[in-house]
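Source file coords07.cif; content: mmCIF, C-alpha atoms.
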```cif
data_upload
loop_
_atom_site.label_atom_id
_atom_site.label_comp_id
_atom_site.auth_asym_id
_atom_site.auth_seq_id
_atom_site.Cartn_x
_atom_site.Cartn_y
_atom_site.Cartn_z
CA MET A 1 -71.32 7.37 -29.75
CA LYS A 2 -69.55 10.65 -29.19
CA ALA A 3 -66.23 11.50 -30.80
CA ALA A 4 -63.43 13.89 -29.89
CA VAL A 5 -60.56 15.20 -32.00
CA ILE A 6 -57.22 16.04 -30.41
CA LEU A 7 -55.69 19.34 -31.51
CA LEU A 8 -51.96 20.07 -31.48
CA PRO A 9 -49.96 22.88 -33.06
CA GLY A 10 -48.86 21.92 -36.55
CA LEU A 11 -51.62 19.44 -37.32
CA ASN A 12 -53.35 20.34 -40.59
CA ARG A 13 -55.81 17.50 -41.24
CA ASP A 14 -57.92 18.31 -38.19
CA ARG A 15 -60.58 20.14 -40.20
CA ASP A 16 -60.91 17.27 -42.67
CA MET A 17 -61.27 14.86 -39.76
CA ILE A 18 -63.85 17.03 -37.99
CA ALA A 19 -65.83 17.37 -41.24
CA ALA A 20 -65.74 13.61 -41.85
CA LEU A 21 -66.84 12.75 -38.29
CA THR A 22 -69.58 15.39 -38.43
CA LYS A 23 -70.94 14.13 -41.75
CA ILE A 24 -70.85 10.49 -40.74
CA SER A 25 -72.11 10.73 -37.15
CA GLY A 26 -74.44 13.68 -37.60
CA GLN A 27 -72.84 15.57 -34.72
CA ALA A 28 -69.69 17.66 -34.51
CA PRO A 29 -66.91 16.02 -32.50
CA GLN A 30 -65.61 17.71 -29.40
CA THR A 31 -62.16 19.25 -29.89
CA ILE A 32 -59.53 18.83 -27.21
CA TRP A 33 -56.44 21.05 -27.03
CA GLN A 34 -53.05 19.52 -26.20
CA THR A 35 -52.83 21.07 -22.73
CA GLU A 36 -56.01 19.40 -21.46
CA THR A 37 -55.36 16.81 -18.77
CA ALA A 38 -58.72 15.04 -18.79
CA ILE A 39 -61.14 13.79 -21.41
CA ASP A 40 -64.88 13.73 -20.72
CA ASP A 41 -66.39 10.40 -19.70
CA ASP A 42 -68.97 10.50 -22.49
CA ILE A 43 -66.33 10.39 -25.24
CA ASP A 44 -66.33 6.96 -26.93
CA LEU A 45 -63.94 7.65 -29.81
CA ILE A 46 -60.80 9.79 -29.74
CA VAL A 47 -59.20 10.72 -33.07
CA ILE A 48 -55.71 12.14 -33.53
CA PRO A 49 -55.56 13.66 -37.03
CA GLY A 50 -52.68 14.10 -39.42
CA GLY A 51 -50.30 16.95 -40.05
CA PHE A 52 -46.92 18.01 -38.79
CA SER A 53 -47.23 18.47 -35.04
CA TYR A 54 -44.35 20.53 -33.69
CA GLY A 55 -42.94 20.77 -37.19
CA ASP A 56 -41.81 17.13 -37.01
CA TYR A 57 -38.99 18.33 -34.72
CA LEU A 58 -36.81 15.60 -33.19
CA ARG A 59 -38.89 12.81 -34.75
CA CYS A 60 -42.39 12.87 -36.24
CA GLY A 61 -44.86 12.85 -33.36
CA ALA A 62 -42.15 12.74 -30.68
CA ILE A 63 -42.97 16.03 -28.98
CA ALA A 64 -46.73 15.68 -29.37
CA ALA A 65 -46.62 12.22 -27.77
CA ARG A 66 -45.29 13.78 -24.59
CA MET A 67 -47.91 16.54 -24.24
CA PRO A 68 -50.33 16.42 -21.28
CA VAL A 69 -53.36 15.43 -23.37
CA MET A 70 -51.62 12.21 -24.42
CA ARG A 71 -51.58 10.99 -20.81
CA ALA A 72 -55.34 11.46 -20.79
CA VAL A 73 -55.66 9.66 -24.14
CA ARG A 74 -53.61 6.75 -22.79
CA GLU A 75 -55.77 6.51 -19.66
CA LYS A 76 -58.96 6.48 -21.73
CA ALA A 77 -57.50 3.87 -24.08
CA GLU A 78 -56.60 1.66 -21.13
CA GLN A 79 -60.24 1.90 -20.04
CA GLY A 80 -61.31 0.67 -23.49
CA THR A 81 -62.16 3.92 -25.28
CA ARG A 82 -61.54 3.66 -29.02
CA VAL A 83 -58.63 5.67 -30.38
CA ILE A 84 -57.73 6.30 -34.04
CA GLY A 85 -54.50 7.99 -35.13
CA VAL A 86 -54.18 8.86 -38.80
CA CYS A 87 -50.83 9.75 -40.41
CA ASN A 88 -49.16 12.07 -37.87
CA GLY A 89 -51.69 10.66 -35.40
CA PHE A 90 -50.27 7.16 -36.05
CA GLN A 91 -46.74 8.51 -35.55
CA ILE A 92 -47.84 10.10 -32.26
CA LEU A 93 -49.38 6.82 -31.05
CA VAL A 94 -46.19 4.83 -31.73
CA GLU A 95 -44.06 7.55 -30.15
CA ALA A 96 -46.35 7.42 -27.10
CA GLY A 97 -45.78 3.67 -26.91
CA MET A 98 -49.49 2.99 -27.38
CA LEU A 99 -48.78 1.01 -30.55
CA PRO A 100 -45.71 -1.14 -31.27
CA GLY A 101 -42.96 -0.35 -33.78
CA ALA A 102 -41.79 2.89 -35.33
CA LEU A 103 -42.43 4.96 -38.46
CA MET A 104 -39.27 5.87 -40.32
CA ARG A 105 -38.40 8.01 -43.33
CA ASN A 106 -39.95 6.65 -46.57
CA ALA A 107 -37.57 4.27 -48.30
CA SER A 108 -37.67 6.52 -51.39
CA LEU A 109 -36.76 9.53 -49.19
CA LYS A 110 -39.60 11.33 -50.97
CA PHE A 111 -42.80 12.82 -49.65
CA VAL A 112 -45.52 10.64 -51.17
CA CYS A 113 -48.95 12.12 -51.94
CA ARG A 114 -51.15 9.78 -53.96
CA GLU A 115 -53.79 7.11 -53.81
CA VAL A 116 -52.91 3.61 -52.72
CA LYS A 117 -54.85 0.38 -52.45
CA LEU A 118 -55.30 -1.21 -49.05
CA GLU A 119 -56.11 -4.81 -48.25
CA VAL A 120 -58.25 -5.27 -45.16
CA ALA A 121 -55.91 -7.67 -43.35
CA ASN A 122 -58.18 -8.16 -40.35
CA ALA A 123 -61.87 -7.42 -40.72
CA GLY A 124 -62.45 -8.58 -37.14
CA THR A 125 -61.47 -5.34 -35.41
CA VAL A 126 -63.93 -2.74 -34.17
CA PHE A 127 -62.58 -0.40 -36.85
CA THR A 128 -62.70 -2.73 -39.84
CA SER A 129 -65.92 -4.66 -39.23
CA GLY A 130 -67.64 -2.70 -42.00
CA TYR A 131 -65.29 -4.29 -44.53
CA THR A 132 -64.88 -7.89 -45.56
CA GLN A 133 -61.70 -9.85 -44.92
CA GLY A 134 -59.29 -9.33 -47.78
CA GLN A 135 -61.35 -6.52 -49.31
CA ILE A 136 -59.31 -4.08 -51.38
CA ILE A 137 -60.15 -0.44 -50.76
CA ARG A 138 -58.82 2.83 -52.18
CA CYS A 139 -57.26 5.37 -49.85
CA PRO A 140 -55.07 8.48 -50.22
CA VAL A 141 -51.71 8.80 -48.49
CA ALA A 142 -49.62 11.93 -47.91
CA HIS A 143 -46.51 11.52 -45.80
CA HIS A 144 -42.72 11.57 -45.64
CA ASP A 145 -42.26 9.21 -42.71
CA GLY A 146 -44.58 6.25 -43.05
CA ASN A 147 -42.10 3.44 -43.37
CA TYR A 148 -43.33 1.05 -40.70
CA PHE A 149 -40.64 -0.84 -38.83
CA ALA A 150 -40.70 -3.31 -35.98
CA ASP A 151 -37.99 -5.70 -34.80
CA PRO A 152 -38.50 -9.32 -35.92
CA ASP A 153 -39.92 -10.51 -32.58
CA THR A 154 -42.40 -7.64 -32.36
CA LEU A 155 -43.35 -8.13 -35.99
CA ALA A 156 -44.01 -11.84 -35.48
CA ASP A 157 -46.11 -10.97 -32.45
CA ILE A 158 -48.16 -8.36 -34.36
CA GLU A 159 -48.75 -10.75 -37.25
CA ALA A 160 -49.68 -13.70 -35.04
CA GLY A 161 -52.08 -11.57 -33.01
CA GLY A 162 -53.97 -10.30 -36.05
CA GLN A 163 -52.90 -6.76 -35.20
CA VAL A 164 -52.32 -5.79 -38.83
CA ALA A 165 -55.56 -4.07 -39.81
CA PHE A 166 -54.53 -2.80 -43.25
CA ARG A 167 -51.78 -3.65 -45.72
CA TYR A 168 -50.78 -1.79 -48.86
CA THR A 169 -51.19 -4.01 -51.87
CA ALA A 170 -47.67 -5.07 -52.86
CA ASP A 171 -47.67 -2.88 -55.95
CA THR A 172 -48.81 0.27 -54.11
CA ASN A 173 -46.61 0.19 -50.97
CA PRO A 174 -45.61 3.88 -50.97
CA ASN A 175 -42.94 3.89 -48.29
CA GLY A 176 -41.17 0.56 -47.88
CA SER A 177 -43.15 -0.55 -44.80
CA VAL A 178 -42.21 -4.01 -43.61
CA ASN A 179 -44.84 -6.63 -44.60
CA ASN A 180 -46.64 -3.80 -46.47
CA ILE A 181 -48.11 -2.70 -43.15
CA ALA A 182 -50.35 0.38 -43.48
CA GLY A 183 -52.28 0.21 -40.21
CA ILE A 184 -52.17 -1.72 -36.95
CA VAL A 185 -54.22 -2.09 -33.81
CA ASN A 186 -52.96 -2.60 -30.26
CA LYS A 187 -53.25 -5.97 -28.51
CA ALA A 188 -56.57 -5.02 -26.90
CA GLY A 189 -57.89 -4.00 -30.33
CA ASN A 190 -59.24 -0.57 -29.33
CA VAL A 191 -56.38 1.60 -30.66
CA LEU A 192 -55.84 1.91 -34.43
CA GLY A 193 -52.98 3.71 -36.15
CA MET A 194 -52.76 4.05 -39.93
CA MET A 195 -50.78 6.19 -42.37
CA PRO A 196 -53.48 6.50 -45.11
CA HIS A 197 -56.25 9.09 -44.80
CA PRO A 198 -59.70 7.41 -44.80
CA GLU A 199 -61.25 10.78 -43.83
CA ASN A 200 -60.44 12.02 -47.33
CA LEU A 201 -62.55 9.41 -49.09
CA ILE A 202 -65.96 9.58 -47.45
CA GLU A 203 -68.26 11.24 -49.97
CA ALA A 204 -68.91 11.31 -53.69
CA ALA A 205 -67.21 14.70 -54.01
CA HIS A 206 -63.98 13.03 -52.88
CA GLY A 207 -64.24 10.62 -55.79
CA GLY A 208 -65.10 7.68 -53.59
CA THR A 209 -66.44 6.58 -50.22
CA ASP A 210 -64.15 3.68 -49.31
CA GLY A 211 -63.04 5.35 -46.06
CA ARG A 212 -66.54 5.79 -44.73
CA ALA A 213 -67.03 2.27 -43.38
CA LEU A 214 -64.07 2.69 -41.06
CA PHE A 215 -65.66 5.61 -39.23
CA GLU A 216 -69.10 4.01 -39.31
CA ALA A 217 -67.65 0.95 -37.58
CA ALA A 218 -65.58 2.97 -35.11
CA LEU A 219 -68.68 5.02 -34.23
CA GLY A 220 -70.77 1.90 -33.77
CA LEU A 221 -72.98 2.66 -36.76
CA VAL A 222 -72.62 -0.78 -38.37
CA ASP A 223 -73.42 -4.18 -36.91
CA ALA A 224 -70.17 -5.77 -35.79
CA MET B 1 -22.40 23.67 -14.73
CA ILE B 2 -21.83 20.53 -16.74
CA LYS B 3 -21.65 20.26 -20.49
CA ALA B 4 -22.67 16.98 -22.01
CA ARG B 5 -23.21 15.39 -25.37
CA VAL B 6 -25.84 12.77 -26.16
CA THR B 7 -25.34 10.87 -29.40
CA VAL B 8 -28.25 9.00 -30.97
CA THR B 9 -27.63 6.45 -33.70
CA LEU B 10 -29.79 3.95 -35.54
CA LYS B 11 -29.61 0.41 -34.22
CA THR B 12 -27.69 -2.14 -36.23
CA GLY B 13 -30.04 -3.82 -38.66
CA VAL B 14 -32.38 -0.83 -39.00
CA LEU B 15 -32.32 0.40 -42.58
CA ASP B 16 -31.09 3.97 -42.99
CA PRO B 17 -32.19 5.34 -46.37
CA GLN B 18 -30.82 8.78 -45.51
CA GLY B 19 -27.39 7.36 -44.73
CA LYS B 20 -27.57 5.47 -48.03
CA ALA B 21 -28.36 8.66 -49.95
CA ILE B 22 -25.42 10.44 -48.28
CA GLU B 23 -23.19 7.48 -49.15
CA HIS B 24 -24.16 7.82 -52.83
CA ALA B 25 -23.65 11.59 -52.75
CA LEU B 26 -20.16 11.18 -51.30
CA ASP B 27 -19.39 8.71 -54.05
CA GLY B 28 -20.66 11.27 -56.56
CA LEU B 29 -18.27 13.86 -55.14
CA GLY B 30 -15.39 11.53 -55.85
CA PHE B 31 -14.86 10.16 -52.35
CA SER B 32 -14.24 6.61 -53.37
CA GLY B 33 -14.00 3.81 -50.87
CA VAL B 34 -16.79 4.95 -48.54
CA GLY B 35 -17.97 1.62 -47.17
CA GLN B 36 -21.05 2.79 -45.29
CA VAL B 37 -22.68 5.93 -43.86
CA ARG B 38 -25.15 5.87 -40.98
CA GLN B 39 -26.83 9.11 -40.01
CA GLY B 40 -27.44 10.04 -36.38
CA LYS B 41 -28.14 13.00 -34.11
CA VAL B 42 -26.05 14.90 -31.57
CA PHE B 43 -27.50 16.86 -28.63
CA ASP B 44 -25.25 19.27 -26.72
CA ILE B 45 -26.80 19.83 -23.34
CA VAL B 46 -25.80 22.14 -20.50
CA LEU B 47 -26.90 21.06 -17.03
CA ASP B 48 -27.15 23.30 -13.99
CA THR B 49 -25.30 20.98 -11.63
CA SER B 50 -21.77 20.00 -10.67
CA ASP B 51 -22.63 16.42 -9.73
CA ARG B 52 -21.31 14.41 -12.66
CA ALA B 53 -22.81 11.08 -11.58
CA LYS B 54 -26.24 12.64 -11.13
CA ALA B 55 -25.91 14.43 -14.47
CA GLU B 56 -25.04 11.23 -16.27
CA ALA B 57 -27.98 9.38 -14.77
CA GLU B 58 -30.32 12.22 -15.68
CA LEU B 59 -29.01 12.42 -19.25
CA LYS B 60 -29.56 8.69 -19.73
CA ASP B 61 -33.11 9.14 -18.50
CA MET B 62 -33.63 12.06 -20.93
CA ALA B 63 -32.27 10.02 -23.80
CA ALA B 64 -34.46 7.01 -23.02
CA LYS B 65 -37.59 9.11 -22.52
CA LEU B 66 -37.31 11.60 -25.37
CA LEU B 67 -34.05 12.10 -27.27
CA ALA B 68 -33.93 8.58 -28.67
CA ASN B 69 -36.69 6.28 -29.88
CA THR B 70 -35.32 3.07 -28.41
CA VAL B 71 -37.39 0.99 -30.83
CA ILE B 72 -35.00 1.99 -33.61
CA GLU B 73 -32.19 3.97 -31.96
CA ASP B 74 -29.32 3.52 -29.49
CA PHE B 75 -27.80 6.38 -27.51
CA SER B 76 -24.60 7.19 -25.69
CA VAL B 77 -24.01 9.87 -23.06
CA GLU B 78 -20.76 11.73 -22.65
CA VAL B 79 -20.21 14.19 -19.79
CA LEU B 80 -17.58 16.60 -21.10
#
```

Would you put the structure from the file into structure tokens?
Amino acid sequence: MKAAVILLPGLNRDRDMIAALTKISGQAPQTIWQTETAIDDDIDLIVIPGGFSYGDYLRCGAIAARMPVMRAVREKAEQGTRVIGVCNGFQILVEAGMLPGALMRNASLKFVCREVKLEVANAGTVFTSGYTQGQIIRCPVAHHDGNYFADPDTLADIEAGGQVAFRYTADTNPNGSVNNIAGIVNKAGNVLGMMPHPENLIEAAHGGTDGRALFEAALGLVDA
Amino acid sequence: MIKARVTVTLKTGVLDPQGKAIEHALDGLGFSGVGQVRQGKVFDIVLDTSDRAKAEAELKDMAAKLLANTVIEDFSVEVL
């Protein structure tokens, strides 16, 4: 499978993401600048990395979500292409309306940069099939606006549909997210957004490899 | 030319930790009796038209599409 990474001004985790995808898949992902209006047919996985696109002006991800490339990302997602948004990428996907809910200022009002523990809340998605249901994994977070919110009806819908992919363990919820939600998928299951950074825990030098299985699954390198 | 103001506020029921922090700071400054603070945003916009009805419709569209995130925010439009 071939991956592509979306580039926007102000993102700063793009190099980490490119390195992770390169190491795991054996080939460098294509990079796609924000002004592009089409994404090549042979791309099977689109990744929107973290950072501070457009300086977080207006709302985190708000401006980026309305750039031309996001129309192309949406079209590809509707055709079934896998999309992962990490951190700012998650914020961009909710701002683009490709995932439900919103990401608000952390309840503590503080930027949080540390390691959390995640529970794999649904191991049945194409992104989490390399984990076991309920498995606890380590993962770093680094964000100021990761407080997941959805109105009660939407939340009930997400929960009933198994759309919660990852939850923070109750004692490590870094931002006040409702139901400890750390990552969700869309209804079709091919778009994942998550605040934690699995790309920063993929090799021994990182101090752990818990994030690796996510990319292996997304890239079709593990048996679903 | 029309001047307008779009006000964006958090929906009722959406927690506002920033408003809470401001509330506490006001209390710390000795402003007692502040019941609640909710933080919002104001956009002053100048439109190149004299058609007020058209301007209002366009501003509402702008607010819904970009200025507000209607998942968590409400907006109001005021043509000045």

So how many Å separate atom CA of Asp48 of chain B and atom CA of Ala63 of chain B, to one decimal?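 Interatomic distance here is 17.3 Å.
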
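Across the model, the gap from atom CA of Lys76 of chain A to atom CA of Val71 of chain B is 24.0 Å.
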
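Of the residues listed (A:Val94, A:Ile136, A:Leu109, A:Ala20), A:Ala20 shows the shortest atom-to-atom separation from Asn200 of chain A; distances use all atoms listed in the file.
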
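The smallest atom-to-atom distance between Pro198 of chain A and any of A:Val164, A:Ala182, A:Cys139, A:Ala121, using only C-alpha atoms, is found for A:Cys139.
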
I need the residue set behind the PyMOL selection byres ((chain A and resi 49-58) around 7) for this file; please write it as a PyMOL selection string. chain A and resi 8-14+17+47-48+59-64+85-89

Can you spell out as a PyMOL selection string the set of residues that the PyMOL selection byres ((chain A) within 9 of (chain B)) selects in the structure I just provided? chain A and resi 58-59+62-63+66+95+100-102+104-109+149-151

Figure out the distance between atom CA of Tyr168 of chain A and atom CA of Tyr131 of chain A, please, to one decimal in Å. 15.3 Å

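In this comparison, which uses all atoms listed in the file, the residue of A:Ala19, A:Ile137, A:Ile24, A:Ala165 approaching Gly124 of chain A most closely is A:Ala165.
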
Using all atoms listed in the file, find the one residue out of B:Val6, B:Val37, B:Val42, B:Leu26 that sits nearest to Glu56 of chain B. B:Val6

List the spatial neighbours of Ala4 of chain A as a PyMOL selection string - criterion: any atom at most 12 Å away, only C-alpha atoms, same-chain residues fewer than 4 positions off excluded. chain A and resi 14+17-18+21-22+25+27-33+39-49+73+76+81-85+219

Go through A:Val116, A:Thr128, A:Gly176, A:His197 one by one, measure the shortest atom-to-atom distance of each to Ala217 of chain A using only C-alpha atoms, and give the residue with the smallest value.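 The shortest atom-to-atom distance to Ala217 of chain A comes from A:Thr128.
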
Hits of the PyMOL selection byres ((chain B and resi 76) around 7) in this structure, as a list in words: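 That selection, the PyMOL selection byres ((chain B and resi 76) around 7), comes back as Val6, Thr7, Val8, Phe75, Val77 and Glu78 of chain B.
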